[in-house]
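To be precise, the following lines are work-v2.txt, and they hold compact mmCIF, C-alpha atoms.
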# COMPACT_ATOMS: atom_id res chain seq x y z
CA MET F 1 98.33 109.67 114.12
CA LYS F 2 96.81 108.99 110.74
CA MET F 3 99.12 108.50 107.77
CA GLU F 4 97.50 111.35 105.77
CA LYS F 5 98.15 113.75 108.67
CA LEU F 6 101.83 112.70 108.85
CA ILE F 7 102.14 113.17 105.07
CA GLY F 8 100.58 116.63 105.34
CA ASP F 9 102.94 117.65 108.13
CA ILE F 10 106.07 116.69 106.14
CA LEU F 11 104.78 118.39 102.98
CA ARG F 12 103.99 121.61 104.86
CA GLN F 13 107.26 121.65 106.83
CA ASN F 14 109.27 121.39 103.62
CA GLY F 15 107.10 123.71 101.51
CA TRP F 16 106.33 120.81 99.18
CA THR F 17 103.09 120.30 97.24
CA LEU F 18 101.23 117.24 95.98
CA SER F 19 98.83 116.28 93.18
CA ILE F 20 97.24 112.90 92.53
CA ALA F 21 96.04 111.02 89.43
CA GLU F 22 93.77 108.09 90.24
CA SER F 23 92.37 105.35 88.11
CA CYS F 24 91.49 102.18 90.07
CA THR F 25 91.29 103.91 93.46
CA GLY F 26 88.64 106.22 91.97
CA GLY F 27 89.13 109.27 94.18
CA LEU F 28 89.78 107.53 97.50
CA ILE F 29 93.41 108.71 97.83
CA CYS F 30 92.32 112.32 97.23
CA ASP F 31 89.50 111.82 99.73
CA CYS F 32 91.97 110.67 102.44
CA ILE F 33 94.44 113.48 101.79
CA THR F 34 91.66 116.12 101.90
CA ASP F 35 90.29 114.81 105.21
CA VAL F 36 93.13 116.69 106.89
CA PRO F 37 92.16 120.27 107.87
CA GLY F 38 94.32 122.76 105.97
CA SER F 39 95.28 120.22 103.28
CA SER F 40 94.55 122.88 100.65
CA ASP F 41 97.91 124.40 101.70
CA TYR F 42 99.85 121.57 100.04
CA PHE F 43 97.32 119.52 98.03
CA MET F 44 96.75 121.31 94.73
CA GLY F 45 94.30 118.83 93.24
CA GLY F 46 93.73 115.55 91.53
CA MET F 47 92.27 113.82 88.54
CA VAL F 48 90.22 110.67 88.44
CA THR F 49 91.12 109.51 84.95
CA TYR F 50 88.88 106.49 84.45
CA SER F 51 88.79 106.67 80.66
CA ASN F 52 91.89 106.18 78.53
CA GLU F 53 91.02 109.41 76.67
CA SER F 54 91.35 111.40 79.89
CA LYS F 55 94.71 109.78 80.69
CA VAL F 56 95.96 111.00 77.30
CA LYS F 57 94.22 114.40 77.32
CA TYR F 58 94.93 115.58 80.86
CA LEU F 59 97.96 113.58 81.96
CA GLY F 60 99.77 113.40 78.63
CA VAL F 61 100.09 109.60 78.79
CA PRO F 62 101.22 108.55 75.28
CA ILE F 63 98.51 106.52 73.52
CA LYS F 64 101.27 104.15 72.37
CA ASP F 65 102.05 103.31 76.01
CA ILE F 66 98.38 102.52 76.73
CA LYS F 67 98.11 100.41 73.58
CA GLY F 68 101.53 98.80 73.99
CA TYR F 69 101.64 98.05 77.71
CA GLY F 70 97.98 98.44 78.68
CA ALA F 71 96.43 101.05 80.99
CA VAL F 72 97.38 98.82 83.94
CA SER F 73 101.17 98.84 83.66
CA PRO F 74 104.18 100.37 85.43
CA GLN F 75 104.85 102.49 82.32
CA VAL F 76 101.40 104.11 82.47
CA ALA F 77 101.57 104.54 86.27
CA LYS F 78 104.85 106.43 85.77
CA LYS F 79 103.45 108.64 83.00
CA MET F 80 100.31 109.38 85.03
CA ALA F 81 102.38 110.53 88.02
CA GLN F 82 104.62 112.65 85.80
CA GLY F 83 101.57 114.05 84.00
CA VAL F 84 99.63 115.08 87.07
CA ARG F 85 102.72 116.64 88.67
CA LYS F 86 103.21 118.73 85.52
CA ALA F 87 99.49 119.59 85.22
CA PHE F 88 99.27 120.99 88.76
CA GLY F 89 102.88 122.19 88.98
CA THR F 90 103.55 120.35 92.25
CA THR F 91 106.66 118.96 93.94
CA PHE F 92 105.29 115.40 94.02
CA GLY F 93 102.90 113.55 91.71
CA LEU F 94 101.19 110.33 92.82
CA SER F 95 99.23 107.90 90.64
CA SER F 96 97.25 104.66 90.76
CA THR F 97 96.24 102.30 87.98
CA GLY F 98 94.97 98.77 88.40
CA ILE F 99 92.12 96.30 88.32
CA ALA F 100 89.73 96.73 91.26
CA GLY F 101 87.41 93.99 89.99
CA PRO F 102 85.32 91.97 90.35
CA THR F 103 85.50 91.73 86.54
CA GLY F 104 88.18 92.91 84.09
CA GLY F 105 90.95 90.57 85.21
CA SER F 106 92.96 88.14 83.08
CA LYS F 107 95.65 85.51 83.71
CA GLU F 108 98.42 88.02 82.97
CA LYS F 109 96.69 90.90 84.77
CA PRO F 110 94.45 89.52 87.52
CA VAL F 111 91.99 91.44 89.70
CA GLY F 112 94.02 93.12 92.44
CA LEU F 113 97.01 93.99 90.25
CA ILE F 114 97.78 97.64 90.99
CA PHE F 115 100.65 99.97 90.14
CA ILE F 116 101.32 103.06 92.25
CA GLY F 117 103.51 105.72 90.64
CA LEU F 118 105.31 108.51 92.44
CA VAL F 119 107.45 111.26 90.97
CA LYS F 120 109.59 114.08 92.30
CA GLY F 121 111.46 116.07 89.68
CA LYS F 122 113.23 113.58 87.47
CA LYS F 123 113.01 110.76 90.01
CA THR F 124 110.23 108.23 89.53
CA TRP F 125 109.25 105.22 91.63
CA VAL F 126 106.64 102.59 90.75
CA MET F 127 105.27 100.06 93.25
CA LYS F 128 103.53 96.85 92.15
CA LEU F 129 100.77 95.37 94.30
CA ASN F 130 98.84 92.11 94.17
CA LEU F 131 95.83 92.58 96.41
CA LYS F 132 92.95 90.34 97.42
CA GLY F 133 89.39 91.18 98.40
CA SER F 134 86.21 92.83 97.22
CA ARG F 135 86.28 95.89 94.95
CA ARG F 136 85.97 98.15 98.01
CA GLU F 137 88.66 96.27 99.92
CA ILE F 138 91.07 96.46 96.97
CA LYS F 139 90.46 100.20 96.65
CA GLN F 140 91.07 100.65 100.40
CA LYS F 141 94.20 98.46 100.51
CA ALA F 142 95.68 100.16 97.43
CA THR F 143 95.02 103.57 99.00
CA ARG F 144 96.66 102.56 102.27
CA LYS F 145 99.70 101.24 100.39
CA ALA F 146 99.89 104.42 98.29
CA LEU F 147 99.82 106.57 101.43
CA GLN F 148 102.57 104.46 103.06
CA PHE F 149 104.58 104.69 99.84
CA ILE F 150 104.47 108.47 99.68
CA TYR F 151 105.10 108.75 103.43
CA LYS F 152 108.29 106.67 103.20
CA THR F 153 109.44 108.59 100.14
CA LEU F 154 108.79 111.91 101.86
CA ILE F 155 110.81 110.82 104.90
CA HIS F 156 113.62 109.75 102.57
CA SER F 157 113.45 112.96 100.52
CA GLU F 158 113.49 115.03 103.70
CA LEU F 159 116.55 113.17 104.94
CA ILE F 160 118.35 113.68 101.64
CA ALA F 161 117.43 117.37 101.59
CA LYS F 162 118.59 117.91 105.18
CA THR F 163 121.75 115.87 104.74
CA SER F 164 122.68 117.61 101.51
CA ARG F 165 122.13 120.97 103.12
CA SER F 166 124.27 120.19 106.16
CA TRP F 167 127.03 118.69 104.03
CA SER F 168 127.09 121.61 101.64
CA LEU F 169 127.43 123.90 104.63
CA LEU F 170 130.24 121.82 106.08
CA GLU F 171 132.30 121.16 103.05
CA GLU F 172 131.90 121.96 99.36
CA ASN F 173 132.51 119.27 96.73
CA THR F 174 131.82 116.47 99.16
CA CYS F 175 129.44 113.68 98.32
CA PRO F 176 126.29 113.78 100.40
CA LEU F 177 125.78 110.91 102.82
CA ILE F 178 122.91 109.43 100.82
CA MET L 1 70.17 99.26 97.31
CA LYS L 2 72.84 101.92 97.54
CA MET L 3 72.23 105.29 95.89
CA GLU L 4 75.37 105.04 93.72
CA LYS L 5 74.17 101.68 92.34
CA LEU L 6 70.74 103.14 91.48
CA ILE L 7 72.45 106.09 89.77
CA GLY L 8 74.64 103.72 87.77
CA ASP L 9 71.65 101.65 86.67
CA ILE L 10 69.76 104.68 85.32
CA LEU L 11 72.86 106.06 83.56
CA ARG L 12 73.57 102.70 81.91
CA GLN L 13 69.95 102.05 80.90
CA ASN L 14 69.76 105.40 79.15
CA GLY L 15 73.25 105.35 77.64
CA TRP L 16 74.14 108.44 79.65
CA THR L 17 77.59 109.32 81.03
CA LEU L 18 78.80 111.30 84.04
CA SER L 19 81.82 113.32 85.10
CA ILE L 20 82.45 115.04 88.43
CA ALA L 21 84.35 118.14 89.59
CA GLU L 22 84.95 118.23 93.32
CA SER L 23 86.30 120.89 95.59
CA CYS L 24 85.13 120.58 99.21
CA THR L 25 84.19 116.88 98.95
CA GLY L 26 87.77 116.18 97.87
CA GLY L 27 87.20 113.02 95.81
CA LEU L 28 84.56 111.35 97.97
CA ILE L 29 81.77 111.59 95.36
CA CYS L 30 84.05 110.00 92.74
CA ASP L 31 85.01 107.35 95.30
CA CYS L 32 81.33 106.43 95.90
CA ILE L 33 80.46 106.33 92.19
CA THR L 34 83.48 104.12 91.41
CA ASP L 35 82.62 101.65 94.18
CA VAL L 36 80.04 100.18 91.80
CA PRO L 37 81.43 97.35 89.63
CA GLY L 38 81.32 98.32 85.96
CA SER L 39 81.08 102.05 86.74
CA SER L 40 83.74 102.68 84.10
CA ASP L 41 80.93 102.11 81.56
CA TYR L 42 79.28 105.43 82.42
CA PHE L 43 81.72 107.32 84.68
CA MET L 44 84.32 108.97 82.47
CA GLY L 45 86.30 110.67 85.21
CA GLY L 46 86.60 113.50 87.65
CA MET L 47 88.73 116.36 88.83
CA VAL L 48 89.53 117.37 92.37
CA THR L 49 90.09 121.06 91.80
CA TYR L 50 91.27 122.27 95.19
CA SER L 51 93.23 125.26 93.91
CA ASN L 52 91.56 128.19 92.15
CA GLU L 53 94.13 127.86 89.35
CA SER L 54 92.93 124.35 88.55
CA LYS L 55 89.29 125.50 88.52
CA VAL L 56 90.26 128.04 85.87
CA LYS L 57 92.71 125.86 83.92
CA TYR L 58 90.78 122.59 83.71
CA LEU L 59 87.15 123.57 84.23
CA GLY L 60 87.21 126.95 82.47
CA VAL L 61 85.73 128.77 85.47
CA PRO L 62 86.17 132.48 84.70
CA ILE L 63 88.61 134.10 87.12
CA LYS L 64 86.20 137.05 87.37
CA ASP L 65 83.55 134.70 88.82
CA ILE L 66 85.98 133.40 91.45
CA LYS L 67 87.09 136.95 92.32
CA GLY L 68 83.59 138.41 92.11
CA TYR L 69 81.48 135.74 93.83
CA GLY L 70 84.15 133.66 95.58
CA ALA L 71 85.10 130.03 94.92
CA VAL L 72 82.23 129.00 97.19
CA SER L 73 79.25 130.36 95.27
CA PRO L 74 76.38 129.07 93.13
CA GLN L 75 77.96 130.77 90.10
CA VAL L 76 81.22 128.83 90.48
CA ALA L 77 79.38 125.56 91.22
CA LYS L 78 77.49 126.03 87.95
CA LYS L 79 80.62 126.81 85.94
CA MET L 80 82.48 123.83 87.49
CA ALA L 81 79.67 121.43 86.49
CA GLN L 82 79.54 122.89 82.97
CA GLY L 83 83.32 122.76 82.73
CA VAL L 84 83.76 119.15 83.79
CA ARG L 85 80.92 118.01 81.52
CA LYS L 86 82.65 119.72 78.59
CA ALA L 87 86.12 118.42 79.57
CA PHE L 88 85.01 114.78 79.65
CA GLY L 89 82.29 115.09 76.99
CA THR L 90 79.63 113.52 79.21
CA THR L 91 75.83 113.75 79.37
CA PHE L 92 75.84 115.00 82.96
CA GLY L 93 78.37 117.09 84.91
CA LEU L 94 78.28 117.24 88.72
CA SER L 95 80.21 119.63 90.97
CA SER L 96 80.79 120.53 94.61
CA THR L 97 82.26 123.65 96.17
CA GLY L 98 82.04 124.64 99.81
CA ILE L 99 83.68 125.07 103.17
CA ALA L 100 84.35 121.74 104.89
CA GLY L 101 86.04 123.40 107.87
CA PRO L 102 87.00 123.48 110.63
CA THR L 103 88.60 126.78 109.55
CA GLY L 104 87.95 129.00 106.52
CA GLY L 105 84.42 130.06 107.45
CA SER L 106 83.06 133.59 107.81
CA LYS L 107 79.75 135.19 108.86
CA GLU L 108 78.58 135.38 105.25
CA LYS L 109 80.02 131.99 104.28
CA PRO L 110 80.11 129.73 107.35
CA VAL L 111 81.66 126.27 107.64
CA GLY L 112 79.19 123.81 106.13
CA LEU L 113 78.03 126.07 103.30
CA ILE L 114 78.15 123.93 100.18
CA PHE L 115 76.90 124.35 96.62
CA ILE L 116 76.25 121.32 94.43
CA GLY L 117 76.02 121.99 90.69
CA LEU L 118 74.51 119.69 88.10
CA VAL L 119 74.29 120.19 84.36
CA LYS L 120 72.75 118.35 81.43
CA GLY L 121 73.07 120.09 78.09
CA LYS L 122 71.92 123.67 78.59
CA LYS L 123 70.03 122.89 81.78
CA THR L 124 71.78 123.69 85.05
CA TRP L 125 70.71 123.14 88.63
CA VAL L 126 72.46 124.36 91.78
CA MET L 127 71.62 123.14 95.29
CA LYS L 128 72.62 125.10 98.41
CA LEU L 129 73.40 123.22 101.62
CA ASN L 130 74.08 124.35 105.18
CA LEU L 131 75.62 121.39 106.96
CA LYS L 132 76.83 120.79 110.50
CA GLY L 133 79.53 118.50 111.84
CA SER L 134 83.22 117.72 111.65
CA ARG L 135 85.17 118.09 108.41
CA ARG L 136 84.64 114.39 107.65
CA GLU L 137 80.92 114.56 108.50
CA ILE L 138 80.42 117.60 106.26
CA LYS L 139 82.20 115.84 103.37
CA GLN L 140 80.04 112.74 103.88
CA LYS L 141 76.75 114.65 104.22
CA ALA L 142 77.52 116.79 101.14
CA THR L 143 78.35 113.65 99.16
CA ARG L 144 75.09 111.94 100.22
CA LYS L 145 73.11 115.05 99.25
CA ALA L 146 74.92 115.26 95.89
CA LEU L 147 74.12 111.62 95.15
CA GLN L 148 70.45 112.15 96.06
CA PHE L 149 70.41 115.27 93.90
CA ILE L 150 71.71 113.52 90.81
CA TYR L 151 69.46 110.50 91.44
CA LYS L 152 66.33 112.66 91.53
CA THR L 153 67.43 114.59 88.46
CA LEU L 154 68.14 111.34 86.59
CA ILE L 155 64.68 110.00 87.46
CA HIS L 156 63.18 113.28 86.26
CA SER L 157 65.26 113.32 83.06
CA GLU L 158 64.31 109.71 82.35
CA LEU L 159 60.64 110.53 82.81
CA ILE L 160 60.90 113.50 80.47
CA ALA L 161 62.79 111.42 77.89
CA LYS L 162 60.27 108.58 78.05
CA THR L 163 57.26 110.87 78.08
CA SER L 164 58.54 112.89 75.15
CA ARG L 165 59.25 109.70 73.22
CA SER L 166 55.82 108.22 73.86
CA TRP L 167 54.08 111.48 73.06
CA SER L 168 56.04 111.94 69.88
CA LEU L 169 55.03 108.44 68.88
CA LEU L 170 51.40 109.05 69.72
CA GLU L 171 50.88 112.42 68.24
CA GLU L 172 53.20 114.91 66.56
CA ASN L 173 53.12 118.57 67.53
CA THR L 174 51.71 117.86 70.96
CA CYS L 175 53.29 119.30 74.06
CA PRO L 176 54.97 116.70 76.26
CA LEU L 177 53.37 116.05 79.63
CA ILE L 178 56.25 117.59 81.58
Conversion result in structure tokens:
Amino acid sequence: MKMEKLIGDILRQNGWTLSIAESCTGGLICDCITDVPGSSDYFMGGMVTYSNESKVKYLGVPIKDIKGYGAVSPQVAKKMAQGVRKAFGTTFGLSSTGIAGPTGGSKEKPVGLIFIGLVKGKKTWVMKLNLKGSRREIKQKATRKALQFIYKTLIHSELIAKTSRSWSLLEENTCPLI
Amino acid sequence: MKMEKLIGDILRQNGWTLSIAESCTGGLICDCITDVPGSSDYFMGGMVTYSNESKVKYLGVPIKDIKGYGAVSPQVAKKMAQGVRKAFGTTFGLSSTGIAGPTGGSKEKPVGLIFIGLVKGKKTWVMKLNLKGSRREIKQKATRKALQFIYKTLIHSELIAKTSRSWSLLEENTCPLI
């Protein structure tokens, strides 16, 4: 079964929703998620924020973060994920920022450097990728990694939710298993 | 040469910019446009407005239009294109709204009914499509049609711009050819 279908099933089963902010992947993650029939039940929408202005205006990324760390940085990936989650009012917010190439790379930030951000409530995760290939291949690999990342996090979140629930039923004031 | 490359060349040559609001195509048009290296020069960004709330909040589509005509209507396609153009401050705004299926269709609005909106300044065009196929095929066909639509309009706009310029150089107060 395709990863985007598995993601959709977990989101629906838990009543969770998702929004996505994409820079380097340029809409491809949204495209995958919306290939699943009925995805409008849990996917509220996305933003393809190619320009820095749109990252500031629609995702609330502080201009000082873009200037200080660069648009391709874990800090901006985190703020993009937080921003899109807030904008669409969803359970999870996912983001991508990176250098798809073939130009735009440097020694410090080469082509293929990608950060994937994911946020749920106050919890934020950022994944760093160093990918090889053509522009299209880098977009595709980053998208696949982003989908795997959210899938694993959803599985983990589901486990925590279920475990916490069962523990709270069993015994109050007991630490959950995870 | 691929359509998205041709579109990029015309946009760049004329100093024009583009933004895209997608509903039924779910990010696929943005994905195609951003496959072209250097597309960040003319593509400012996009929005995947799956929920009606996001169409209202980010694109300024009047709720009365969504309630009155439905989210899948030429009126909403027009307002989405106008809204995204305004949001990103671009020369052109492109939009898609439709029913990708396999569910969600009705007798009046069957699966495969898609409206593509395009706006430049005060000029707006809306194209109606009736497509067949799976959800993925409908997304792909709608995207191809949208790219052809903007390509033809760009060629036309370029011709008008060039013709007007040459006429204005040749003779003042003369009607342009087109």
**Request:** Compute the set of chain L residues within 8 Å of chain F, using all atoms listed in the file, and express it as a VMD selection string.
**Result:** chain L and resid 25 to 31 34 to 35 37 to 38 40 43 to 51 54 88 101 to 103 135 to 136
**Request:** Name all residues at most 8 Å from Lys128 of chain F (count all atoms listed in the file; drop same-chain ones fewer than 5 positions away) and give them as a ChimeraX atom specification.
**Result:** /F:74,113-116
**Request:** Give the answer as one residue: which of L:Gln148, L:Ser106, L:Ser96, L:Thr91 has the shortest atom-to-atom distance to Leu6 of chain L, using all atoms listed in the file?
**Result:**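 Closest residue, counting all atoms listed in the file: L:Gln148.
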**Request:** Find the residues near Ile150 of chain F: any atom within 10 Å, counting all atoms listed in the file, skip ones fewer than 5 places away on the same chain, and give them as an NGL selection string.
**Result:** :F and (3-4 or 7 or 92-94 or 116-119 or 125 or 145 or 155-156)
Mind fitting chain L to chain F by least squares on all Cα atoms in order and giving back the moved coordinates as a short mmCIF file (atom, residue, chain, number, x, y, z; two decimals) with C-alpha atoms, in the frame of the given file?
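And here's part_29.cif as it stands now:
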data_model
loop_
_atom_site.label_atom_id
_atom_site.label_comp_id
_atom_site.auth_asym_id
_atom_site.auth_seq_id
_atom_site.Cartn_x
_atom_site.Cartn_y
_atom_site.Cartn_z
CA MET L 1 98.41 109.67 114.11
CA LYS L 2 96.88 108.98 110.73
CA MET L 3 99.18 108.50 107.74
CA GLU L 4 97.56 111.34 105.76
CA LYS L 5 98.22 113.76 108.65
CA LEU L 6 101.90 112.71 108.83
CA ILE L 7 102.18 113.18 105.05
CA GLY L 8 100.64 116.64 105.32
CA ASP L 9 103.02 117.65 108.10
CA ILE L 10 106.12 116.70 106.09
CA LEU L 11 104.82 118.40 102.92
CA ARG L 12 104.03 121.61 104.82
CA GLN L 13 107.31 121.67 106.77
CA ASN L 14 109.31 121.40 103.56
CA GLY L 15 107.14 123.71 101.46
CA TRP L 16 106.36 120.82 99.13
CA THR L 17 103.11 120.30 97.19
CA LEU L 18 101.25 117.23 95.94
CA SER L 19 98.85 116.28 93.17
CA ILE L 20 97.24 112.90 92.51
CA ALA L 21 96.03 111.01 89.42
CA GLU L 22 93.77 108.09 90.23
CA SER L 23 92.35 105.34 88.12
CA CYS L 24 91.48 102.17 90.08
CA THR L 25 91.29 103.92 93.48
CA GLY L 26 88.64 106.22 92.00
CA GLY L 27 89.17 109.28 94.21
CA LEU L 28 89.81 107.54 97.52
CA ILE L 29 93.44 108.72 97.84
CA CYS L 30 92.35 112.33 97.23
CA ASP L 31 89.54 111.82 99.75
CA CYS L 32 92.01 110.67 102.45
CA ILE L 33 94.48 113.49 101.78
CA THR L 34 91.71 116.12 101.90
CA ASP L 35 90.35 114.81 105.21
CA VAL L 36 93.19 116.70 106.90
CA PRO L 37 92.25 120.28 107.87
CA GLY L 38 94.39 122.77 105.97
CA SER L 39 95.32 120.24 103.28
CA SER L 40 94.59 122.89 100.66
CA ASP L 41 97.96 124.40 101.67
CA TYR L 42 99.89 121.57 100.01
CA PHE L 43 97.35 119.53 98.00
CA MET L 44 96.76 121.32 94.71
CA GLY L 45 94.31 118.84 93.23
CA GLY L 46 93.73 115.54 91.54
CA MET L 47 92.26 113.82 88.55
CA VAL L 48 90.19 110.67 88.45
CA THR L 49 91.10 109.49 84.98
CA TYR L 50 88.86 106.48 84.49
CA SER L 51 88.74 106.66 80.70
CA ASN L 52 91.84 106.16 78.54
CA GLU L 53 90.97 109.38 76.70
CA SER L 54 91.30 111.40 79.90
CA LYS L 55 94.66 109.76 80.69
CA VAL L 56 95.89 110.98 77.31
CA LYS L 57 94.16 114.38 77.31
CA TYR L 58 94.88 115.57 80.85
CA LEU L 59 97.91 113.57 81.94
CA GLY L 60 99.71 113.38 78.59
CA VAL L 61 100.03 109.58 78.75
CA PRO L 62 101.14 108.53 75.26
CA ILE L 63 98.44 106.49 73.52
CA LYS L 64 101.19 104.11 72.34
CA ASP L 65 101.98 103.28 75.99
CA ILE L 66 98.32 102.50 76.72
CA LYS L 67 98.04 100.38 73.55
CA GLY L 68 101.46 98.79 73.96
CA TYR L 69 101.58 98.05 77.70
CA GLY L 70 97.92 98.44 78.68
CA ALA L 71 96.38 101.05 80.99
CA VAL L 72 97.35 98.83 83.93
CA SER L 73 101.13 98.84 83.63
CA PRO L 74 104.15 100.36 85.39
CA GLN L 75 104.81 102.48 82.29
CA VAL L 76 101.36 104.10 82.44
CA ALA L 77 101.55 104.54 86.23
CA LYS L 78 104.82 106.42 85.72
CA LYS L 79 103.44 108.62 82.95
CA MET L 80 100.27 109.37 84.99
CA ALA L 81 102.36 110.52 87.99
CA GLN L 82 104.59 112.65 85.75
CA GLY L 83 101.55 114.05 83.97
CA VAL L 84 99.61 115.08 87.05
CA ARG L 85 102.71 116.64 88.63
CA LYS L 86 103.20 118.72 85.48
CA ALA L 87 99.48 119.60 85.19
CA PHE L 88 99.27 120.98 88.73
CA GLY L 89 102.89 122.19 88.94
CA THR L 90 103.55 120.34 92.20
CA THR L 91 106.67 118.95 93.88
CA PHE L 92 105.31 115.41 93.98
CA GLY L 93 102.90 113.55 91.67
CA LEU L 94 101.19 110.33 92.79
CA SER L 95 99.22 107.90 90.62
CA SER L 96 97.26 104.66 90.75
CA THR L 97 96.23 102.29 87.98
CA GLY L 98 94.95 98.76 88.42
CA ILE L 99 92.11 96.30 88.34
CA ALA L 100 89.74 96.72 91.29
CA GLY L 101 87.40 93.98 90.06
CA PRO L 102 85.31 91.97 90.40
CA THR L 103 85.49 91.72 86.59
CA GLY L 104 88.14 92.92 84.13
CA GLY L 105 90.92 90.57 85.24
CA SER L 106 92.92 88.14 83.11
CA LYS L 107 95.62 85.50 83.71
CA GLU L 108 98.37 88.01 82.98
CA LYS L 109 96.65 90.90 84.77
CA PRO L 110 94.42 89.52 87.54
CA VAL L 111 91.98 91.45 89.73
CA GLY L 112 94.01 93.14 92.45
CA LEU L 113 97.00 94.00 90.26
CA ILE L 114 97.77 97.64 90.98
CA PHE L 115 100.64 99.97 90.11
CA ILE L 116 101.33 103.05 92.22
CA GLY L 117 103.52 105.71 90.60
CA LEU L 118 105.33 108.50 92.39
CA VAL L 119 107.45 111.25 90.91
CA LYS L 120 109.59 114.09 92.23
CA GLY L 121 111.45 116.07 89.60
CA LYS L 122 113.22 113.56 87.38
CA LYS L 123 113.01 110.76 89.92
CA THR L 124 110.23 108.22 89.46
CA TRP L 125 109.23 105.24 91.55
CA VAL L 126 106.63 102.59 90.70
CA MET L 127 105.27 100.06 93.21
CA LYS L 128 103.53 96.85 92.11
CA LEU L 129 100.78 95.38 94.29
CA ASN L 130 98.84 92.12 94.15
CA LEU L 131 95.84 92.58 96.40
CA LYS L 132 92.96 90.34 97.43
CA GLY L 133 89.41 91.18 98.44
CA SER L 134 86.22 92.82 97.25
CA ARG L 135 86.28 95.88 94.99
CA ARG L 136 85.99 98.15 98.04
CA GLU L 137 88.70 96.26 99.95
CA ILE L 138 91.09 96.45 96.99
CA LYS L 139 90.49 100.21 96.67
CA GLN L 140 91.11 100.66 100.41
CA LYS L 141 94.22 98.46 100.52
CA ALA L 142 95.71 100.16 97.43
CA THR L 143 95.04 103.57 98.99
CA ARG L 144 96.71 102.56 102.28
CA LYS L 145 99.74 101.23 100.37
CA ALA L 146 99.92 104.42 98.28
CA LEU L 147 99.86 106.57 101.41
CA GLN L 148 102.61 104.46 103.02
CA PHE L 149 104.60 104.69 99.80
CA ILE L 150 104.50 108.47 99.64
CA TYR L 151 105.16 108.75 103.39
CA LYS L 152 108.33 106.68 103.15
CA THR L 153 109.48 108.58 100.07
CA LEU L 154 108.83 111.91 101.81
CA ILE L 155 110.86 110.82 104.84
CA HIS L 156 113.65 109.74 102.49
CA SER L 157 113.49 112.97 100.45
CA GLU L 158 113.54 115.03 103.64
CA LEU L 159 116.59 113.15 104.87
CA ILE L 160 118.38 113.68 101.58
CA ALA L 161 117.45 117.38 101.57
CA LYS L 162 118.61 117.88 105.15
CA THR L 163 121.76 115.83 104.72
CA SER L 164 122.71 117.63 101.53
CA ARG L 165 122.11 120.98 103.20
CA SER L 166 124.19 120.15 106.26
CA TRP L 167 126.98 118.68 104.17
CA SER L 168 127.03 121.65 101.85
CA LEU L 169 127.30 123.88 104.89
CA LEU L 170 130.07 121.80 106.39
CA GLU L 171 132.21 121.20 103.41
CA GLU L 172 131.85 122.06 99.73
CA ASN L 173 132.53 119.45 97.07
CA THR L 174 131.84 116.56 99.41
CA CYS L 175 129.47 113.80 98.45
CA PRO L 176 126.25 113.78 100.47
CA LEU L 177 125.76 110.86 102.83
CA ILE L 178 122.90 109.37 100.80
#
**Message:** Report, in Å with one decimal, the straight-line distance from atom CA of Gly8 of chain L to atom CA of Leu129 of chain F.
**Reply:**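 We find that atom CA of Gly8 of chain L and atom CA of Leu129 of chain F lie 28.2 Å from each other.
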**Atomic distance atom CA of Leu131 of chain F - atom CA of Glu108 of chain F, expressed in Å with one decimal** =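 That distance, rounded to one decimal, is 14.4 Å.
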**Request:** State, in Å with one decimal place, the distance from atom CA of Gly105 of chain F to atom CA of Lys79 of chain F.
**Result:**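 Straight-line distance from atom CA of Gly105 of chain F to atom CA of Lys79 of chain F works out to 22.1 Å.
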**For Val76 of chain L: contacts at 7 Å, all atoms listed in the file, fewer than 4 positions along chain excluded, given as an MDAnalysis selection string** = chainID L and resid 61 65:66 71:72 80
